[in-house]
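*Asks:* My file is final_1.cif. It has mmCIF, C-alpha atoms and all ligand atoms:
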data_query
loop_
_atom_site.label_atom_id
_atom_site.label_comp_id
_atom_site.auth_asym_id
_atom_site.auth_seq_id
_atom_site.Cartn_x
_atom_site.Cartn_y
_atom_site.Cartn_z
CA MET T 1 211.27 143.75 128.03
CA LYS T 2 211.89 147.25 126.68
CA ILE T 3 209.52 150.01 127.83
CA HIS T 4 208.32 150.61 124.27
CA GLU T 5 207.36 146.95 123.88
CA LYS T 6 205.52 146.82 127.21
CA TYR T 7 203.20 149.64 126.19
CA ILE T 8 202.67 148.37 122.63
CA LEU T 9 201.58 145.06 124.19
CA ARG T 10 199.10 147.00 126.31
CA CYS T 11 197.86 148.73 123.11
CA ILE T 12 197.28 145.31 121.53
CA GLU T 13 195.33 144.22 124.60
CA LEU T 14 193.19 147.38 124.51
CA ALA T 15 192.61 147.03 120.75
CA LYS T 16 190.77 143.74 121.27
CA ASN T 17 187.88 145.70 122.81
CA GLY T 18 187.07 146.83 119.28
CA LEU T 19 186.86 143.30 117.86
CA GLY T 20 183.66 143.00 115.84
CA THR T 21 182.62 146.64 116.31
CA ALA T 22 185.42 148.79 114.88
CA ALA T 23 185.35 147.19 111.40
CA PRO T 24 185.71 148.21 108.66
CA ASN T 25 188.04 150.50 110.63
CA PRO T 26 191.06 148.73 112.14
CA MET T 27 190.75 147.95 115.85
CA VAL T 28 193.53 149.96 117.48
CA GLY T 29 194.76 150.49 121.05
CA CYS T 30 196.52 153.58 122.41
CA VAL T 31 198.37 154.34 125.66
CA ILE T 32 199.76 157.72 126.79
CA THR T 33 202.53 157.83 129.39
CA VAL T 34 204.53 160.40 131.31
CA ASP T 35 207.61 159.27 133.25
CA ASP T 36 206.68 155.62 132.71
CA GLN T 37 203.21 156.16 134.22
CA ILE T 38 200.02 155.66 132.16
CA ILE T 39 197.93 158.86 132.08
CA GLY T 40 195.41 157.83 129.41
CA GLU T 41 194.24 154.82 127.41
CA GLY T 42 191.82 154.28 124.56
CA PHE T 43 190.66 151.93 121.83
CA THR T 44 188.70 152.35 118.59
CA SER T 45 185.01 153.10 119.15
CA PRO T 46 182.34 151.29 117.10
CA TYR T 47 182.56 152.18 113.40
CA GLY T 48 182.05 155.86 112.74
CA GLY T 49 183.07 156.85 116.30
CA PRO T 50 186.39 158.26 117.57
CA HIS T 51 189.67 156.45 116.90
CA ALA T 52 191.87 155.03 119.68
CA GLU T 53 194.19 158.07 119.84
CA VAL T 54 191.23 160.46 120.27
CA ASN T 55 189.79 158.34 123.07
CA ALA T 56 193.18 158.08 124.82
CA ILE T 57 193.79 161.85 124.59
CA HIS T 58 190.27 162.55 125.90
CA ALA T 59 190.96 160.22 128.82
CA VAL T 60 193.89 162.39 130.00
CA SER T 61 192.51 164.67 132.71
CA ASP T 62 195.36 167.22 132.77
CA LYS T 63 195.97 168.03 129.10
CA LYS T 64 199.11 170.07 130.00
CA GLN T 65 200.80 166.73 130.73
CA LEU T 66 200.56 165.88 127.01
CA LYS T 67 203.39 168.33 126.25
CA LYS T 68 205.86 165.90 127.89
CA ALA T 69 204.09 162.62 127.08
CA THR T 70 204.80 159.60 124.90
CA LEU T 71 201.88 158.24 122.88
CA TYR T 72 201.96 154.53 122.04
CA VAL T 73 199.64 153.19 119.36
CA SER T 74 199.32 149.77 117.70
CA LEU T 75 198.81 151.22 114.17
CA GLU T 76 200.08 154.35 112.43
CA PRO T 77 197.86 157.37 113.26
CA CYS T 78 195.61 158.37 110.37
CA SER T 79 196.38 161.45 108.30
CA HIS T 80 193.17 161.84 106.30
CA TYR T 81 189.61 162.99 106.85
CA GLY T 82 187.35 159.92 107.02
CA LYS T 83 184.34 159.82 109.33
CA THR T 84 186.59 161.66 111.85
CA PRO T 85 189.44 164.23 111.48
CA PRO T 86 193.08 162.99 111.25
CA CYS T 87 194.57 161.66 114.50
CA ALA T 88 198.05 162.89 113.45
CA ASP T 89 196.70 166.48 113.54
CA LEU T 90 195.22 165.96 117.00
CA ILE T 91 198.51 164.58 118.35
CA ILE T 92 200.39 167.57 116.89
CA SER T 93 197.85 170.10 118.18
CA HIS T 94 198.33 168.81 121.74
CA GLY T 95 202.12 169.11 121.44
CA ILE T 96 202.81 165.44 122.21
CA PRO T 97 206.59 165.18 121.63
CA ARG T 98 207.04 161.39 121.14
CA VAL T 99 204.99 158.77 119.30
CA VAL T 100 205.75 155.04 119.27
CA ILE T 101 203.91 153.08 116.57
CA GLY T 102 203.50 149.32 116.39
CA LEU T 103 202.89 149.04 112.67
CA ARG T 104 202.75 151.24 109.57
CA ASP T 105 199.19 151.39 108.15
CA PRO T 106 199.03 149.93 104.61
CA HIS T 107 195.67 151.64 103.90
CA ASP T 108 196.29 153.67 100.74
CA LYS T 109 195.00 156.85 102.40
CA VAL T 110 197.61 156.54 105.20
CA ASP T 111 200.60 154.36 104.18
CA GLY T 112 203.32 156.41 105.87
CA LYS T 113 201.58 159.78 105.54
CA GLY T 114 200.65 159.81 109.24
CA ILE T 115 204.31 159.28 110.18
CA GLU T 116 205.47 161.96 107.70
CA LYS T 117 203.00 164.46 109.13
CA LEU T 118 204.23 163.81 112.67
CA LEU T 119 207.91 164.04 111.66
CA ALA T 120 207.29 167.27 109.73
CA ALA T 121 205.83 168.76 112.91
CA GLY T 122 208.96 167.81 114.87
CA VAL T 123 207.48 164.79 116.68
CA GLU T 124 209.98 162.03 117.52
CA VAL T 125 208.60 158.84 115.92
CA THR T 126 209.61 155.22 116.53
CA CYS T 127 208.14 152.59 114.16
CA PRO T 128 207.75 149.61 113.98
CA VAL T 129 207.72 148.09 117.47
CA LEU T 130 206.57 144.46 117.94
CA GLU T 131 205.57 144.42 114.27
CA MET T 132 204.75 140.68 114.20
CA GLU T 133 202.50 140.91 117.25
CA CYS T 134 200.72 143.93 115.77
CA ARG T 135 200.28 142.17 112.42
CA GLU T 136 198.67 139.25 114.25
CA ASP T 137 196.26 141.60 116.05
CA HIS T 138 195.40 143.43 112.81
CA ARG T 139 195.13 140.28 110.69
CA ARG T 140 191.57 140.88 109.56
CA PHE T 141 192.26 144.51 108.57
CA LEU T 142 195.59 143.62 106.91
CA THR T 143 194.08 140.78 104.88
CA PHE T 144 191.36 143.15 103.71
CA GLN T 145 193.88 145.88 102.76
CA GLU T 146 196.67 143.73 101.36
CA LYS T 147 194.73 140.88 99.69
CA GLY T 148 191.58 142.77 98.76
CA ARG T 149 189.29 140.20 100.39
CA PRO T 150 187.82 139.46 103.82
CA TYR T 151 189.73 137.40 106.38
CA VAL T 152 188.22 133.92 105.96
CA LEU T 153 187.69 131.70 109.01
CA LEU T 154 186.48 128.15 108.49
CA LYS T 155 184.68 126.48 111.33
CA TRP T 156 183.18 123.05 111.72
CA ALA T 157 182.45 120.32 114.25
CA GLU T 158 183.36 116.70 113.49
CA SER T 159 182.72 113.46 115.31
CA ALA T 160 185.56 111.44 116.89
CA ASP T 161 185.63 109.38 113.66
CA GLY T 162 185.66 112.41 111.35
CA TYR T 163 182.05 113.03 110.20
CA ILE T 164 180.29 116.40 110.26
CA ALA T 165 176.80 114.89 110.01
CA PRO T 166 175.24 111.42 110.24
CA LYS T 167 173.47 109.74 107.31
CA SER T 168 170.25 111.58 106.53
CA ASP T 169 168.06 108.55 107.36
CA ILE T 170 168.87 108.87 111.06
CA ARG T 171 168.18 112.62 111.08
CA GLU T 172 164.89 113.92 112.38
CA LYS T 173 162.35 114.88 109.71
CA GLU T 174 162.12 118.43 110.99
CA PRO T 175 165.12 120.45 109.71
CA LYS T 176 167.47 121.22 112.59
CA PRO T 177 171.19 120.92 113.33
CA TYR T 178 172.64 117.59 114.45
CA TRP T 179 174.76 118.62 117.43
CA ILE T 180 178.22 117.09 117.77
CA THR T 181 179.65 119.61 120.22
CA ASN T 182 178.61 120.53 123.76
CA ARG T 183 176.85 123.72 124.87
CA TYR T 184 180.08 125.39 125.99
CA SER T 185 181.58 125.00 122.51
CA ARG T 186 178.34 126.25 121.01
CA GLN T 187 178.38 129.34 123.21
CA MET T 188 181.99 129.92 122.18
CA VAL T 189 180.83 129.84 118.56
CA HIS T 190 178.23 132.48 119.37
CA GLN T 191 181.00 134.66 120.80
CA TRP T 192 183.03 134.14 117.61
CA ARG T 193 180.05 135.19 115.52
CA THR T 194 180.00 138.59 117.30
CA GLU T 195 183.67 139.03 116.38
CA GLU T 196 183.22 138.69 112.61
CA GLN T 197 181.33 140.74 110.07
CA ALA T 198 179.62 137.91 108.21
CA ILE T 199 178.71 134.21 108.53
CA LEU T 200 178.29 131.96 105.49
CA VAL T 201 176.54 128.62 104.93
CA GLY T 202 175.76 126.49 101.87
CA THR T 203 172.32 125.62 100.54
CA THR T 204 172.12 122.09 101.96
CA THR T 205 173.03 123.32 105.44
CA ALA T 206 170.33 125.97 105.22
CA MET T 207 167.81 123.34 104.04
CA MET T 208 168.74 120.55 106.50
CA ASP T 209 169.60 122.56 109.60
CA ASN T 210 167.35 125.61 109.24
CA PRO T 211 170.09 127.44 111.18
CA GLU T 212 169.58 130.73 112.99
CA LEU T 213 173.20 131.87 112.54
CA THR T 214 172.87 134.46 115.32
CA PRO T 215 175.04 135.01 118.42
CA ARG T 216 172.06 134.61 120.74
CA THR T 217 173.85 133.30 123.86
CA TRP T 218 176.50 136.04 123.74
CA VAL T 219 176.25 139.82 123.89
CA GLY T 220 177.35 141.58 120.73
CA LYS T 221 176.65 142.43 117.14
CA ALA T 222 175.05 139.82 114.88
CA PRO T 223 177.07 139.23 111.70
CA LEU T 224 175.53 139.49 108.23
CA ARG T 225 174.08 136.05 107.36
CA VAL T 226 175.24 135.03 103.92
CA VAL T 227 173.51 132.03 102.34
CA ILE T 228 174.19 130.36 99.00
CA ASP T 229 170.85 129.62 97.35
CA ARG T 230 171.31 129.28 93.59
CA LYS T 231 167.68 128.47 92.74
CA LEU T 232 166.03 130.28 95.69
CA LYS T 233 164.72 127.02 97.12
CA ILE T 234 165.05 127.80 100.83
CA PRO T 235 161.50 128.25 102.18
CA GLY T 236 160.47 131.76 103.21
CA ASN T 237 159.49 130.62 106.72
CA TYR T 238 163.05 129.46 107.55
CA HIS T 239 165.12 131.30 110.17
CA ILE T 240 167.35 133.08 107.68
CA TYR T 241 164.28 135.09 106.65
CA ASP T 242 163.26 135.98 110.24
CA ASN T 243 164.89 139.47 110.21
CA LYS T 244 166.71 138.72 113.51
CA ALA T 245 169.87 139.65 111.60
CA LYS T 246 170.52 141.01 108.12
CA THR T 247 170.74 138.32 105.42
CA LEU T 248 172.38 138.28 102.01
CA ILE T 249 171.23 135.57 99.60
CA LEU T 250 173.70 134.60 96.88
CA THR T 251 171.74 133.35 93.91
CA GLU T 252 171.66 133.15 90.13
CA GLU T 253 168.01 134.10 90.10
CA GLY T 254 168.14 137.74 91.21
CA PRO T 255 165.71 139.07 93.85
CA GLY T 256 162.28 137.50 94.03
CA PRO T 257 159.20 139.64 93.33
CA GLU T 258 158.47 140.14 97.04
CA THR T 259 160.77 142.05 99.36
CA THR T 260 161.50 140.55 102.76
CA PRO T 261 162.64 142.87 105.57
CA GLY T 262 166.36 142.52 106.28
CA VAL T 263 167.03 140.41 103.18
CA GLU T 264 169.14 141.39 100.18
CA TYR T 265 170.03 139.39 97.10
CA SER T 266 173.23 139.30 95.10
CA THR T 267 173.59 137.50 91.79
CA LEU T 268 176.60 135.24 91.16
CA ASP T 269 177.82 133.33 88.11
CA PHE T 270 177.59 129.71 89.28
CA SER T 271 179.76 128.48 86.40
CA GLU T 272 182.77 130.35 87.87
CA ASN T 273 184.91 129.97 91.03
CA LEU T 274 182.29 130.67 93.71
CA PRO T 275 184.52 131.34 96.76
CA LYS T 276 186.42 134.02 94.82
CA GLN T 277 183.19 135.69 93.71
CA ILE T 278 181.86 135.54 97.28
CA CYS T 279 185.06 137.15 98.61
CA ASN T 280 184.82 139.88 95.96
CA ARG T 281 181.18 140.54 96.76
CA LEU T 282 181.89 140.77 100.49
CA TYR T 283 184.92 143.00 99.87
CA ASP T 284 182.72 145.39 97.88
CA ARG T 285 180.42 145.55 100.90
CA GLN T 286 183.37 146.38 103.19
CA VAL T 287 183.01 143.04 105.00
CA GLN T 288 186.40 142.59 106.69
CA SER T 289 185.92 139.02 107.92
CA VAL T 290 183.67 136.04 107.32
CA ILE T 291 183.20 132.82 109.26
CA VAL T 292 182.29 129.91 106.96
CA GLU T 293 180.29 127.43 109.05
CA GLY T 294 179.64 124.72 106.48
CA GLY T 295 178.62 122.35 105.18
CA ALA T 296 181.35 120.12 103.86
CA LYS T 297 180.92 121.12 100.22
CA THR T 298 181.06 124.83 100.94
CA LEU T 299 184.06 124.45 103.26
CA LYS T 300 185.88 122.27 100.71
CA SER T 301 185.37 124.81 97.95
CA PHE T 302 187.09 127.50 100.06
CA ILE T 303 189.92 125.09 100.97
CA GLU T 304 190.41 124.07 97.33
CA ALA T 305 190.45 127.71 96.23
CA GLY T 306 193.09 128.44 98.90
CA LEU T 307 190.74 131.12 100.20
CA TRP T 308 191.02 130.64 103.93
CA ASP T 309 193.15 132.11 106.69
CA GLU T 310 192.14 130.31 109.86
CA ALA T 311 190.28 127.08 110.66
CA ARG T 312 188.63 126.32 113.98
CA ILE T 313 187.78 122.64 114.19
CA PHE T 314 185.95 120.95 117.04
CA LYS T 315 186.17 117.21 117.57
CA GLY T 316 183.33 115.83 119.68
CA PRO T 317 183.72 112.69 121.85
CA GLY T 318 181.11 110.55 120.04
CA SER T 319 181.53 108.43 116.89
CA LEU T 320 178.95 108.31 114.09
CA GLY T 321 180.22 105.29 112.17
CA SER T 322 179.14 106.76 108.84
CA GLY T 323 177.84 109.99 107.37
CA LEU T 324 179.23 113.09 105.67
CA LYS T 325 183.03 113.22 105.89
CA ALA T 326 184.63 116.34 107.37
CA PRO T 327 186.84 118.31 104.96
CA ALA T 328 190.54 117.47 104.78
CA ILE T 329 192.71 120.45 105.57
CA LYS T 330 196.41 121.14 105.99
CA GLY T 331 197.62 124.10 107.99
CA LYS T 332 199.90 125.15 110.80
CA GLU T 333 198.43 124.15 114.16
CA LEU T 334 198.30 127.20 116.40
CA SER T 335 196.57 125.70 119.42
CA ARG T 336 194.76 122.74 120.90
CA GLU T 337 192.31 123.24 123.72
CA GLN T 338 189.85 121.03 125.53
CA ILE T 339 186.33 122.54 125.84
CA GLY T 340 184.80 119.99 128.20
CA ASN T 341 184.80 116.77 126.16
CA ASP T 342 185.34 118.59 122.86
CA LEU T 343 188.78 119.19 121.41
CA LEU T 344 189.22 122.54 119.65
CA ARG T 345 192.09 122.90 117.19
CA ILE T 346 192.99 126.19 115.52
CA LEU T 347 194.94 126.10 112.27
CA ARG T 348 196.43 128.87 110.14
CA ASN T 349 196.92 128.76 106.39
CA ASP T 350 200.62 129.72 106.54
N1 LIG C 1 179.10 119.67 111.98
C1 LIG C 1 179.19 120.84 111.39
O1 LIG C 1 179.99 121.70 111.77
C2 LIG C 1 178.31 121.16 110.25
C3 LIG C 1 177.50 120.20 109.70
N2 LIG C 1 176.70 120.51 108.64
C4 LIG C 1 175.92 119.44 108.01
O2 LIG C 1 176.43 119.31 106.70
C5 LIG C 1 175.41 118.93 105.82
C6 LIG C 1 175.41 119.84 104.62
O3 LIG C 1 176.68 119.83 104.00
P1 LIG C 1 176.83 119.64 102.44
O4 LIG C 1 175.92 118.58 101.99
O5 LIG C 1 178.26 119.48 102.15
O6 LIG C 1 176.25 120.99 101.85
P2 LIG C 1 176.54 122.56 101.96
O7 LIG C 1 175.80 123.13 103.09
O8 LIG C 1 177.98 122.84 101.82
O9 LIG C 1 175.76 123.05 100.67
C7 LIG C 1 176.19 122.57 99.41
C8 LIG C 1 175.34 123.20 98.35
O10 LIG C 1 175.48 124.62 98.41
C9 LIG C 1 175.74 125.11 97.11
N3 LIG C 1 177.19 125.39 97.07
C10 LIG C 1 178.04 125.49 98.10
N4 LIG C 1 179.27 125.75 97.70
C11 LIG C 1 179.22 125.83 96.40
C12 LIG C 1 180.20 126.08 95.41
N5 LIG C 1 181.46 126.37 95.74
N6 LIG C 1 179.83 126.06 94.14
C13 LIG C 1 178.55 125.83 93.81
N7 LIG C 1 177.58 125.60 94.71
C14 LIG C 1 177.91 125.59 95.98
C15 LIG C 1 175.34 123.99 96.20
O11 LIG C 1 173.92 124.01 96.13
P3 LIG C 1 173.09 123.61 94.81
O12 LIG C 1 173.66 122.27 94.40
O13 LIG C 1 171.68 123.58 95.25
O14 LIG C 1 173.36 124.67 93.81
C16 LIG C 1 175.77 122.78 96.96
O15 LIG C 1 175.15 121.59 96.60
C17 LIG C 1 174.15 118.94 106.61
O16 LIG C 1 173.86 117.63 106.98
C18 LIG C 1 174.48 119.75 107.83
O17 LIG C 1 173.72 119.33 108.92
C19 LIG C 1 176.67 121.76 108.12
C20 LIG C 1 177.44 122.76 108.66
C21 LIG C 1 178.34 122.51 109.75
N1 LIG C 2 176.42 120.62 114.18
C1 LIG C 2 177.23 121.54 114.75
C2 LIG C 2 177.37 122.83 114.21
N2 LIG C 2 176.69 123.18 113.11
C3 LIG C 2 176.65 124.53 112.55
O1 LIG C 2 175.87 125.39 113.34
C4 LIG C 2 174.73 125.84 112.57
C5 LIG C 2 173.54 126.04 113.46
O2 LIG C 2 173.58 127.32 113.96
P1 LIG C 2 172.41 127.88 114.91
O3 LIG C 2 171.10 127.48 114.31
O4 LIG C 2 172.62 129.36 114.95
O5 LIG C 2 172.61 127.24 116.26
C6 LIG C 2 174.55 124.74 111.59
O6 LIG C 2 173.79 125.09 110.48
C7 LIG C 2 175.97 124.43 111.20
O7 LIG C 2 176.49 125.43 110.36
N3 LIG C 2 178.20 123.71 114.84
C8 LIG C 2 178.86 123.38 115.98
O8 LIG C 2 179.59 124.21 116.54
N4 LIG C 2 178.69 122.15 116.51
C9 LIG C 2 177.93 121.22 115.94
O9 LIG C 2 177.84 120.11 116.48
ZN ZN C 3 192.72 158.11 113.39
#
Can the structure in the file be given as C-alpha cells, please?

*Replies:*
Amino acid sequence: MKIHEKYILRCIELAKNGLGTAAPNPMVGCVITVDDQIIGEGFTSPYGGPHAEVNAIHAVSDKKQLKKATLYVSLEPCSHYGKTPPCADLIISHGIPRVVIGLRDPHDKVDGKGIEKLLAAGVEVTCPVLEMECREDHRRFLTFQEKGRPYVLLKWAESADGYIAPKSDIREKEPKPYWITNRYSRQMVHQWRTEEQAILVGTTTAMMDNPELTPRTWVGKAPLRVVIDRKLKIPGNYHIYDNKAKTLILTEEGPGPETTPGVEYSTLDFSENLPKQICNRLYDRQVQSVIVEGGAKTLKSFIEAGLWDEARIFKGPGSLGSGLKAPAIKGKELSREQIGNDLLRILRND
C-alpha cells in the first residue's frame, strides 16, 4: 500500500470518533507526519468545537516540525468562517508544505476553495486519495449535502418466519415492545441510536410499544425522537413525553394548548408523500441522519418512496406463525453477522 493511502486509512479510522457528535459538521480525521513518522493526530470535536486539522496541529508538541511535515486529512480543509476559523489558513500559517486530501468537500462554502487557497499559498496538494473509502466514511454528510436530505437508515427485527409483531390478541394489555431479538442485539441498537441524529417511529408503534427510543445501555448522545401522530392521540404520560430526550411530534393538528418540556410540534400535510415531507423537515433542522425503527407501515412508506440508504435487519430464532408481516426490501447485501442467536443483515440501497 502506498504511504499516502496508509495515512488516509488512519484518518478514516480517527474520523469515526466523531460519529454522532460532529454532525452537522462532517466527521473528519487528520494525521501529520514527518519522515514517515506520525507527530500528531486529531478528529472533529463535538459540533461547534475545533475541526480535525486544528486538533492534529495542536497535538504536535514541536511546532517547528510542521515546516517539513505532510498533513493527511479525510476531507478537504475548510476555507470559510463557520463556528471556527478556516483550517486552510491555519495550515498555511504553520508553513506545512504538503497536504494529502481524501475527498473534495461538496459543501457549497468549500467545494474546492480550500484546495485553491492551499495551492495559492504554494502548498503541494494531492487529492483525491482513497476517494471511495472516504465517501463511505462520509456517507451521512454527503447524502445531506448532495441529496438535500438526511441519511436514512431503516431498522427492524423480524421473527424466523418473517413477522415483526405477533397478532395483537396475544400481546399484553399494557403497551410495551414485543421482543424478537436478544439483549446483545438490543444493546447494539442503543449504540446505533447514539450514532444518528434522529430516530423515527409511526403512531401505532408509539401507541402499542410505548417505546423509550433512548440509547440507555450505551454511552452517548440521545437522538431527537421523531414521532408521527396525526391526530395527537398518543397519551401525555407515554415515554416520548418524558423529557429524557428531545421529541418532535409530526402532526396535522399543530401544537396543543399546553407546552411539554422537550417537546416540539411540526405540522405536515397528510394528503402528500409523508416520507419526503419528513426528510425535508429534518433537513431544515440540520438533521444529518435518521434511523427509522418502525413499524411496518412507516418502514414501507420510506421503502416505497425510495427514501432509504441503509437497512439493518435482525432475524430472531423464534417463529410467530402469524402477525404483522415484515416489510419486503431489495438492496445490496453488505454484511451478515450472527449476534448470538440473531442474524443481522445490512443492506444498502445501491
Ligand atoms: N419488530 C420490530 O422491529 C418492530 C415492531 N413494531 C411493531 O409494529 C407494530 C406497529 O406497526 P404498524 O401497525 O405498521 O404501524 P406504524 O408504527 O408504522 O404506524 C402506522 C401509523 O402511523 C401513521 N403513519 C406512518 N407512516 C405514515 C405515512 N407514510 N403516511 C401516513 N401515515 C403514516 C399512520 O397513523 P394514523 O393512521 O393514525 O394517521 C399509520 O396508521 C406494533 O405491533 C409494534 O409492536 C414496531 C416497530 C419495530
Ligand atoms: N421488537 C423489537 C424492536 N422494536 C423496536 O424498538 C422499540 C422499543 O424501543 P425502546 O423502548 O427504546 O427499547 C420499539 O418501539 C420498536 O421500534 N427492536 C429490536 O431491535 N428488536 C425487537 O425485537
Ligand atoms: Zn475546518

*Asks:* Find the residues of chain T that sit at most 6 Å from ligand LIG 1 (chain C); for each, write down the nearest two atoms and how far apart they are in Å, to one decimal. Count only C-alpha atoms and all ligand atoms. Sort by chain, then by number going up, and give it as a tab-separated table.

*Replies:*
residue	atom	partner	partner_atom	distance
T:Trp156	CA	C:LIG1	O1	3.5
T:Ala157	CA	C:LIG1	O1	3.8
T:Glu158	CA	C:LIG1	N1	5.4
T:Ile164	CA	C:LIG1	N1	3.9
T:Ala165	CA	C:LIG1	O16	5.0
T:Pro177	CA	C:LIG1	O17	5.3
T:Tyr178	CA	C:LIG1	O17	5.9
T:Val201	CA	C:LIG1	O7	5.8
T:Gly202	CA	C:LIG1	O7	3.6
T:Thr203	CA	C:LIG1	O10	3.9
T:Thr204	CA	C:LIG1	O9	4.0
T:Thr205	CA	C:LIG1	O7	3.6
T:Met208	CA	C:LIG1	C17	5.6
T:Asp209	CA	C:LIG1	O17	5.3
T:Ile228	CA	C:LIG1	C9	5.8
T:Arg230	CA	C:LIG1	O14	5.1
T:Leu274	CA	C:LIG1	N5	4.8
T:Pro275	CA	C:LIG1	N5	5.9
T:Glu293	CA	C:LIG1	C21	5.3
T:Gly294	CA	C:LIG1	C20	3.7
T:Gly295	CA	C:LIG1	O3	3.4
T:Ala296	CA	C:LIG1	O5	3.6
T:Lys297	CA	C:LIG1	O5	3.7
T:Thr298	CA	C:LIG1	O8	3.8
T:Ser301	CA	C:LIG1	N5	4.8

*Asks:* Kindly assemble as JSON lines a list of the region 57-81 of chain T residues that lie within 10 Å of region 4-9 of chain T, each paired with its nearest atom pair and their distance in Å to one decimal, using all atoms listed in the file, sorted first by chain and then by ascending residue number.

*Replies:*
{"residue": "T:Thr70", "atom": "CA", "partner": "T:His4", "partner_atom": "CA", "distance": 9.7}
{"residue": "T:Leu71", "atom": "CA", "partner": "T:Tyr7", "partner_atom": "CA", "distance": 9.3}
{"residue": "T:Tyr72", "atom": "CA", "partner": "T:Ile8", "partner_atom": "CA", "distance": 6.2}
{"residue": "T:Val73", "atom": "CA", "partner": "T:Ile8", "partner_atom": "CA", "distance": 6.6}
{"residue": "T:Ser74", "atom": "CA", "partner": "T:Ile8", "partner_atom": "CA", "distance": 6.1}
{"residue": "T:Leu75", "atom": "CA", "partner": "T:Ile8", "partner_atom": "CA", "distance": 9.7}

*Asks:* For ligand ZN 3 (chain C), return the neighbouring residues as number ranges by chain (distance at most 8 Å; only C-alpha atoms and all ligand atoms).

*Replies:* T: 50-54, 77-79, 84-88

*Asks:* Which is closer to ligand LIG 2 (chain C) than all the others in T:Val152, T:Val287, T:Ile234, T:Met207, using all atoms listed in the file?

*Replies:*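 Answer, going by the shortest atom-to-atom distance: T:Met207.
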
*Asks:* Measuring atom to atom with all atoms listed in the file, identify which of T:Asn55, T:Asn341, T:Gln191, T:Thr181 is nearest to ligand LIG 2 (chain C).

*Replies:* T:Thr181

*Asks:* List the neighbours of Glu272 (chain T) out to 12 Å using only C-alpha atoms; skip same-chain residues closer than 6 positions along the sequence, and give me the result as a ChimeraX atom specification.

*Replies:* /T:252,278,301,305

*Asks:* Could you state the separation of CA of Ala328 (chain T) and CA of Ile313 (chain T) in Å, given to one decimal place?

*Replies:* 11.1 Å

*Asks:* Which residue out of T:Leu334, T:Ile329, T:Ala160, T:Leu250 has the minimum interatomic distance to ligand LIG 2 (chain C) when all atoms listed in the file are used?

*Replies:*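 Closest candidate: T:Ala160.
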
*Asks:* Could you state the separation of CA of Ile170 (chain T) and CA of Ser322 (chain T) in Å, given to one decimal place?

*Replies:*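 So the two atoms, CA of Ile170 (chain T) and CA of Ser322 (chain T), lie 10.7 Å apart.
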
*Asks:* Measure the distance from CA of Leu282 (chain T) to CA of Thr21 (chain T) in Å and round it to one decimal.

*Replies:*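 Distance reported for this atom pair: 16.9 Å.
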
*Asks:* What's around region 95-98 of chain T at 7 Å? Count all atoms listed in the file, leave out sequence neighbours fewer than 6 positions away in its own chain, and write the answer as JSON, numbers by chain.

*Replies:* {"T": [66, 67, 68, 69, 70, 71, 123, 124, 125]}

*Asks:* Can you spit out the residues from that selection as a PDB file, keeping the file's coordinate frame, using C-alpha atoms?

*Replies:*
ATOM      1  CA  LEU T  66     200.560 165.880 127.010  1.00  0.00           C
ATOM      2  CA  LYS T  67     203.390 168.330 126.250  1.00  0.00           C
ATOM      3  CA  LYS T  68     205.860 165.900 127.890  1.00  0.00           C
ATOM      4  CA  ALA T  69     204.090 162.620 127.080  1.00  0.00           C
ATOM      5  CA  THR T  70     204.800 159.600 124.900  1.00  0.00           C
ATOM      6  CA  LEU T  71     201.880 158.240 122.880  1.00  0.00           C
ATOM      7  CA  VAL T 123     207.480 164.790 116.680  1.00  0.00           C
ATOM      8  CA  GLU T 124     209.980 162.030 117.520  1.00  0.00           C
ATOM      9  CA  VAL T 125     208.600 158.840 115.920  1.00  0.00           C
TER      10      VAL T 125
END

*Asks:* Set the distance at 9 Å and use only C-alpha atoms: which residues neighbour region 342-347 of chain T once local chain neighbours fewer than 3 positions away are removed? I'd like the list as a list in words.

*Replies:*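 Returned residues: Ala157, Ile180, Thr181, Asn182, Ser185, Asp309, Glu310, Ala311, Arg312, Ile313, Phe314, Lys315, Gly316, Pro317, Lys330, Gly331, Lys332, Glu333, Leu334, Ser335, Arg336, Glu337, Gln338, Ile339 and Asp350 of chain T.
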
*Asks:* For Ile12 (chain T), please output as JSON, numbers by chain all residues within 12 Å (counting all atoms listed in the file; exclusion window: fewer than 4 positions along the same chain).

*Replies:* {"T": [5, 6, 7, 8, 16, 17, 18, 19, 26, 27, 28, 29, 30, 31, 41, 42, 43, 44, 52, 72, 73, 74, 75, 101, 102, 103, 129, 130, 131, 132, 133, 134, 135, 136, 137, 138]}

*Asks:* So which residues are close to (161.8, 126.7, 108.8), meaning at most 10 Å away in the file's coordinates with all atoms listed in the file counted, and can you show them as a PyMOL selection string?

*Replies:* chain T and resi 174-176+206-212+234-242

*Asks:* At a cut-off of 12 Å, using all atoms listed in the file, what residues contact Pro215 (chain T)? Leave out same-chain residues fewer than 4 positions from it and give the result as number ranges by chain.

*Replies:* T: 186-199, 211, 219-225, 244-245

*Asks:* Find the axis-aligned box for region 121-135 of chain T, covering all its listed atoms and adding 4 Å on each side, and write its centre and edge lengths in Å to one decimal as lines of an AutoDock Vina configuration file.

*Replies:*
center_x = 205.1
center_y = 154.7
center_z = 115.2
size_x = 17.7
size_y = 36.1
size_z = 13.5

*Asks:* Which residue, T:Ser61, T:Ser93, T:Ser45, T:Ser168, has the smallest gap to Gly122 (chain T) when you use all atoms listed in the file?

*Replies:*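 Nearest candidate to Gly122 (chain T) out of T:Ser61, T:Ser93, T:Ser45, T:Ser168: T:Ser93.
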
*Asks:* T:Lys276, T:Leu154, T:Leu268, T:Lys173: which is nearest ligand LIG 2 (chain C), counting only C-alpha atoms and all ligand atoms?

*Replies:*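 Result for the nearest residue to ligand LIG 2 (chain C): T:Leu154.
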